[in-house]
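A.B. asks: Sharing a structure with you now.
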Amino acid sequence: MNKFLLSRGYNVMKVRDYVDLVLLFLFVFFATHILACIWCYFGRIPYTAEDKDMNWVQYGGFDSNDFTSIYIFSIYFILQTLTTVGYGDHTGSTKYEYIFCMILEVFAYIFIYNIVHRFKFLLFPDGQH
């Protein structure tokens with residue numbers, strides 16, 4: 001593999017940079033998927049008459065059997081929270097959803113710092129900026 005890449009004008013550092021970039025995108029994709037699945041789980045916790053609060057699926061008017069819409073919305077919610085955009089159009093509605101959102105916001109700061117830090121070293125490998 002190295003001979004193939006080196007014969008095409010790539011050096012080892014350039015290949016490592018590309019691999020790091022692909023790994024970064026895979027990490028973002030995987031983390032977003034896992035967090036969206038957790039958010040879906042909170043939306044699937046059954047609402048009972050004794051509860052005062054509905055979960056976010058019921059509160060948002062989603063069909064609880066439409067898994068595709070729930071997952072797509074979960075990706076949307078997680079991405080807007082992780083990127084700290086937070087339009088405010090959707091929030092949690094139970095105490096467990098609020099706790100998850102608080103943990104997610106703390107995770108978002110670490111997440112954003114990690115991505116910016118990695119991009120800095122991909123763009124400026126010698127530490128120059």
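Numbering starts fresh at 1 for the residues of each chain in the structure tokens, the chains themselves are lettered A, B, ... in the order given, and ligands are numbered from 1 as they appear.
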Could you write out, as an NGL selection string, all the residues of segment 9-129 of chain A that DSSP marks as alpha helix (DSSP H)?

C.D. replies: :A and (12-44 or 56-59 or 67-82 or 95-123)

A.B. asks: Determine, counting only C-alpha atoms, which protein, DNA and RNA residues have an atom within 10 Å of an atom of Cys37 of chain A; residues of the same chain fewer than 3 positions away are not included. Present the result as a PyMOL selection string.

C.D. replies: chain A and resi 31-34+40-43+70-71+74-75+78

A.B. asks: Excluding same-chain residues fewer than 5 positions from Phe77 of chain A, what lies within 12 Å of it counting only C-alpha atoms, as an NGL selection string?

C.D. replies: :A and (32-33 or 35-40 or 56 or 70-72 or 82-92 or 101 or 104-105)

A.B. asks: Could you turn the residues from that selection into a file that holds N, CA, C and O atoms, as an mmCIF file, in the first residue's frame?

C.D. replies:
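Saved to again_38.cif:
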```
data_model
loop_
_atom_site.group_PDB
_atom_site.id
_atom_site.type_symbol
_atom_site.label_atom_id
_atom_site.label_comp_id
_atom_site.auth_asym_id
_atom_site.auth_seq_id
_atom_site.Cartn_x
_atom_site.Cartn_y
_atom_site.Cartn_z
ATOM 1 N N THR A 32 -22.783 10.953 16.651
ATOM 2 C CA THR A 32 -24.108 11.503 16.374
ATOM 3 C C THR A 32 -25.151 10.396 16.348
ATOM 4 O O THR A 32 -26.242 10.553 16.906
ATOM 5 N N HIS A 33 -24.821 9.275 15.726
ATOM 6 C CA HIS A 33 -25.751 8.152 15.671
ATOM 7 C C HIS A 33 -26.070 7.619 17.064
ATOM 8 O O HIS A 33 -27.248 7.408 17.406
ATOM 9 N N LEU A 35 -25.767 9.085 20.033
ATOM 10 C CA LEU A 35 -26.515 10.069 20.812
ATOM 11 C C LEU A 35 -27.947 10.199 20.309
ATOM 12 O O LEU A 35 -28.885 10.360 21.109
ATOM 13 N N ALA A 36 -28.160 10.098 18.996
ATOM 14 C CA ALA A 36 -29.517 10.145 18.445
ATOM 15 C C ALA A 36 -30.314 8.923 18.876
ATOM 16 O O ALA A 36 -31.513 9.025 19.168
ATOM 17 N N CYS A 37 -29.673 7.772 18.938
ATOM 18 C CA CYS A 37 -30.362 6.568 19.411
ATOM 19 C C CYS A 37 -30.766 6.703 20.878
ATOM 20 O O CYS A 37 -31.852 6.269 21.271
ATOM 21 N N ILE A 38 -29.904 7.296 21.683
ATOM 22 C CA ILE A 38 -30.245 7.533 23.086
ATOM 23 C C ILE A 38 -31.422 8.503 23.182
ATOM 24 O O ILE A 38 -32.353 8.304 23.972
ATOM 25 N N TRP A 39 -31.415 9.558 22.352
ATOM 26 C CA TRP A 39 -32.522 10.520 22.357
ATOM 27 C C TRP A 39 -33.817 9.834 21.902
ATOM 28 O O TRP A 39 -34.887 10.115 22.437
ATOM 29 N N CYS A 40 -33.706 8.936 20.922
ATOM 30 C CA CYS A 40 -34.885 8.148 20.501
ATOM 31 C C CYS A 40 -35.411 7.306 21.657
ATOM 32 O O CYS A 40 -36.622 7.189 21.845
ATOM 33 N N TRP A 56 -40.791 13.651 24.561
ATOM 34 C CA TRP A 56 -40.647 14.591 23.454
ATOM 35 C C TRP A 56 -41.363 14.132 22.192
ATOM 36 O O TRP A 56 -41.780 14.959 21.391
ATOM 37 N N ILE A 70 -38.786 9.772 13.664
ATOM 38 C CA ILE A 70 -38.228 9.980 14.998
ATOM 39 C C ILE A 70 -36.704 9.985 14.946
ATOM 40 O O ILE A 70 -36.048 10.839 15.543
ATOM 41 N N TYR A 71 -36.119 9.058 14.184
ATOM 42 C CA TYR A 71 -34.654 8.996 14.079
ATOM 43 C C TYR A 71 -34.098 10.218 13.353
ATOM 44 O O TYR A 71 -33.102 10.808 13.784
ATOM 45 N N ILE A 72 -34.732 10.612 12.258
ATOM 46 C CA ILE A 72 -34.267 11.786 11.509
ATOM 47 C C ILE A 72 -34.346 13.033 12.384
ATOM 48 O O ILE A 72 -33.419 13.850 12.422
ATOM 49 N N LEU A 82 -25.094 19.618 19.503
ATOM 50 C CA LEU A 82 -23.638 19.461 19.496
ATOM 51 C C LEU A 82 -22.926 20.654 18.878
ATOM 52 O O LEU A 82 -21.827 21.005 19.289
ATOM 53 N N THR A 83 -23.533 21.259 17.897
ATOM 54 C CA THR A 83 -22.908 22.423 17.268
ATOM 55 C C THR A 83 -23.240 23.710 18.005
ATOM 56 O O THR A 83 -22.849 24.789 17.554
ATOM 57 N N THR A 84 -23.945 23.606 19.081
ATOM 58 C CA THR A 84 -24.364 24.703 19.954
ATOM 59 C C THR A 84 -25.219 25.730 19.230
ATOM 60 O O THR A 84 -25.281 26.882 19.642
ATOM 61 N N VAL A 85 -25.872 25.321 18.143
ATOM 62 C CA VAL A 85 -26.792 26.221 17.454
ATOM 63 C C VAL A 85 -28.029 26.402 18.317
ATOM 64 O O VAL A 85 -28.422 27.516 18.642
ATOM 65 N N GLY A 86 -28.663 25.288 18.696
ATOM 66 C CA GLY A 86 -29.793 25.309 19.611
ATOM 67 C C GLY A 86 -30.862 26.311 19.264
ATOM 68 O O GLY A 86 -31.022 27.316 19.945
ATOM 69 N N TYR A 87 -31.595 26.076 18.205
ATOM 70 C CA TYR A 87 -32.616 27.019 17.763
ATOM 71 C C TYR A 87 -33.686 27.269 18.829
ATOM 72 O O TYR A 87 -34.307 28.310 18.846
ATOM 73 N N GLY A 88 -33.902 26.312 19.716
ATOM 74 C CA GLY A 88 -34.904 26.474 20.758
ATOM 75 C C GLY A 88 -36.292 26.044 20.342
ATOM 76 O O GLY A 88 -37.233 26.179 21.105
ATOM 77 N N ASP A 89 -36.414 25.514 19.128
ATOM 78 C CA ASP A 89 -37.728 25.086 18.667
ATOM 79 C C ASP A 89 -38.148 23.749 19.271
ATOM 80 O O ASP A 89 -39.325 23.455 19.349
ATOM 81 N N HIS A 90 -37.189 22.954 19.738
ATOM 82 C CA HIS A 90 -37.497 21.666 20.356
ATOM 83 C C HIS A 90 -36.611 21.480 21.579
ATOM 84 O O HIS A 90 -35.414 21.768 21.534
ATOM 85 N N THR A 91 -37.216 21.010 22.631
ATOM 86 C CA THR A 91 -36.474 20.729 23.858
ATOM 87 C C THR A 91 -37.017 19.440 24.453
ATOM 88 O O THR A 91 -37.982 18.872 23.961
ATOM 89 N N GLY A 92 -36.411 19.020 25.530
ATOM 90 C CA GLY A 92 -36.948 17.890 26.263
ATOM 91 C C GLY A 92 -38.199 18.314 27.012
ATOM 92 O O GLY A 92 -38.487 19.497 27.168
ATOM 93 N N CYS A 101 -30.126 16.294 28.188
ATOM 94 C CA CYS A 101 -29.745 17.506 27.450
ATOM 95 C C CYS A 101 -28.617 18.255 28.148
ATOM 96 O O CYS A 101 -27.707 18.775 27.489
ATOM 97 N N LEU A 104 -25.545 16.298 27.492
ATOM 98 C CA LEU A 104 -25.217 16.470 26.079
ATOM 99 C C LEU A 104 -24.560 17.825 25.818
ATOM 100 O O LEU A 104 -23.619 17.926 25.026
ATOM 101 N N GLU A 105 -25.004 18.858 26.486
ATOM 102 C CA GLU A 105 -24.410 20.183 26.301
ATOM 103 C C GLU A 105 -22.978 20.227 26.811
ATOM 104 O O GLU A 105 -22.111 20.847 26.185
#
```

A.B. asks: For atom CA of Ser64 of chain A and atom CA of Ser93 of chain A, determine how far apart the two atoms are, in Å to one decimal place.

C.D. replies: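 These atoms are spaced 15.6 Å apart.
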
A.B. asks: Quick one: contact table of segment 102-125 of chain A to segment 12-28 of chain A, 9 Å max, nearest atom pair and distance in Å to one decimal per residue, counting only C-alpha atoms, chain and number order, as JSON lines?

C.D. replies:
```
{"residue": "A:Phe111", "atom": "CA", "partner": "A:Val28", "partner_atom": "CA", "distance": 8.8}
{"residue": "A:Ile115", "atom": "CA", "partner": "A:Leu24", "partner_atom": "CA", "distance": 7.5}
{"residue": "A:Arg118", "atom": "CA", "partner": "A:Leu24", "partner_atom": "CA", "distance": 8.0}
{"residue": "A:Phe119", "atom": "CA", "partner": "A:Leu21", "partner_atom": "CA", "distance": 8.1}
{"residue": "A:Phe121", "atom": "CA", "partner": "A:Asp17", "partner_atom": "CA", "distance": 8.9}
{"residue": "A:Leu122", "atom": "CA", "partner": "A:Asp17", "partner_atom": "CA", "distance": 6.1}
{"residue": "A:Leu123", "atom": "CA", "partner": "A:Asp17", "partner_atom": "CA", "distance": 9.0}
{"residue": "A:Pro125", "atom": "CA", "partner": "A:Asp17", "partner_atom": "CA", "distance": 8.9}
```

A.B. asks: What does the distance from atom CA of Ser7 of chain A to atom CA of Phe124 of chain A come to in Å, to one decimal?

C.D. replies: 24.9 Å

A.B. asks: Out of A:Thr94, A:Tyr76, A:Ala108, A:Asn11, which residue has the shortest atom-to-atom distance to Tyr59 of chain A when counting only C-alpha atoms?

C.D. replies: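 Looking only at the distances to Tyr59 of chain A, the closest residue turns out to be A:Thr94.
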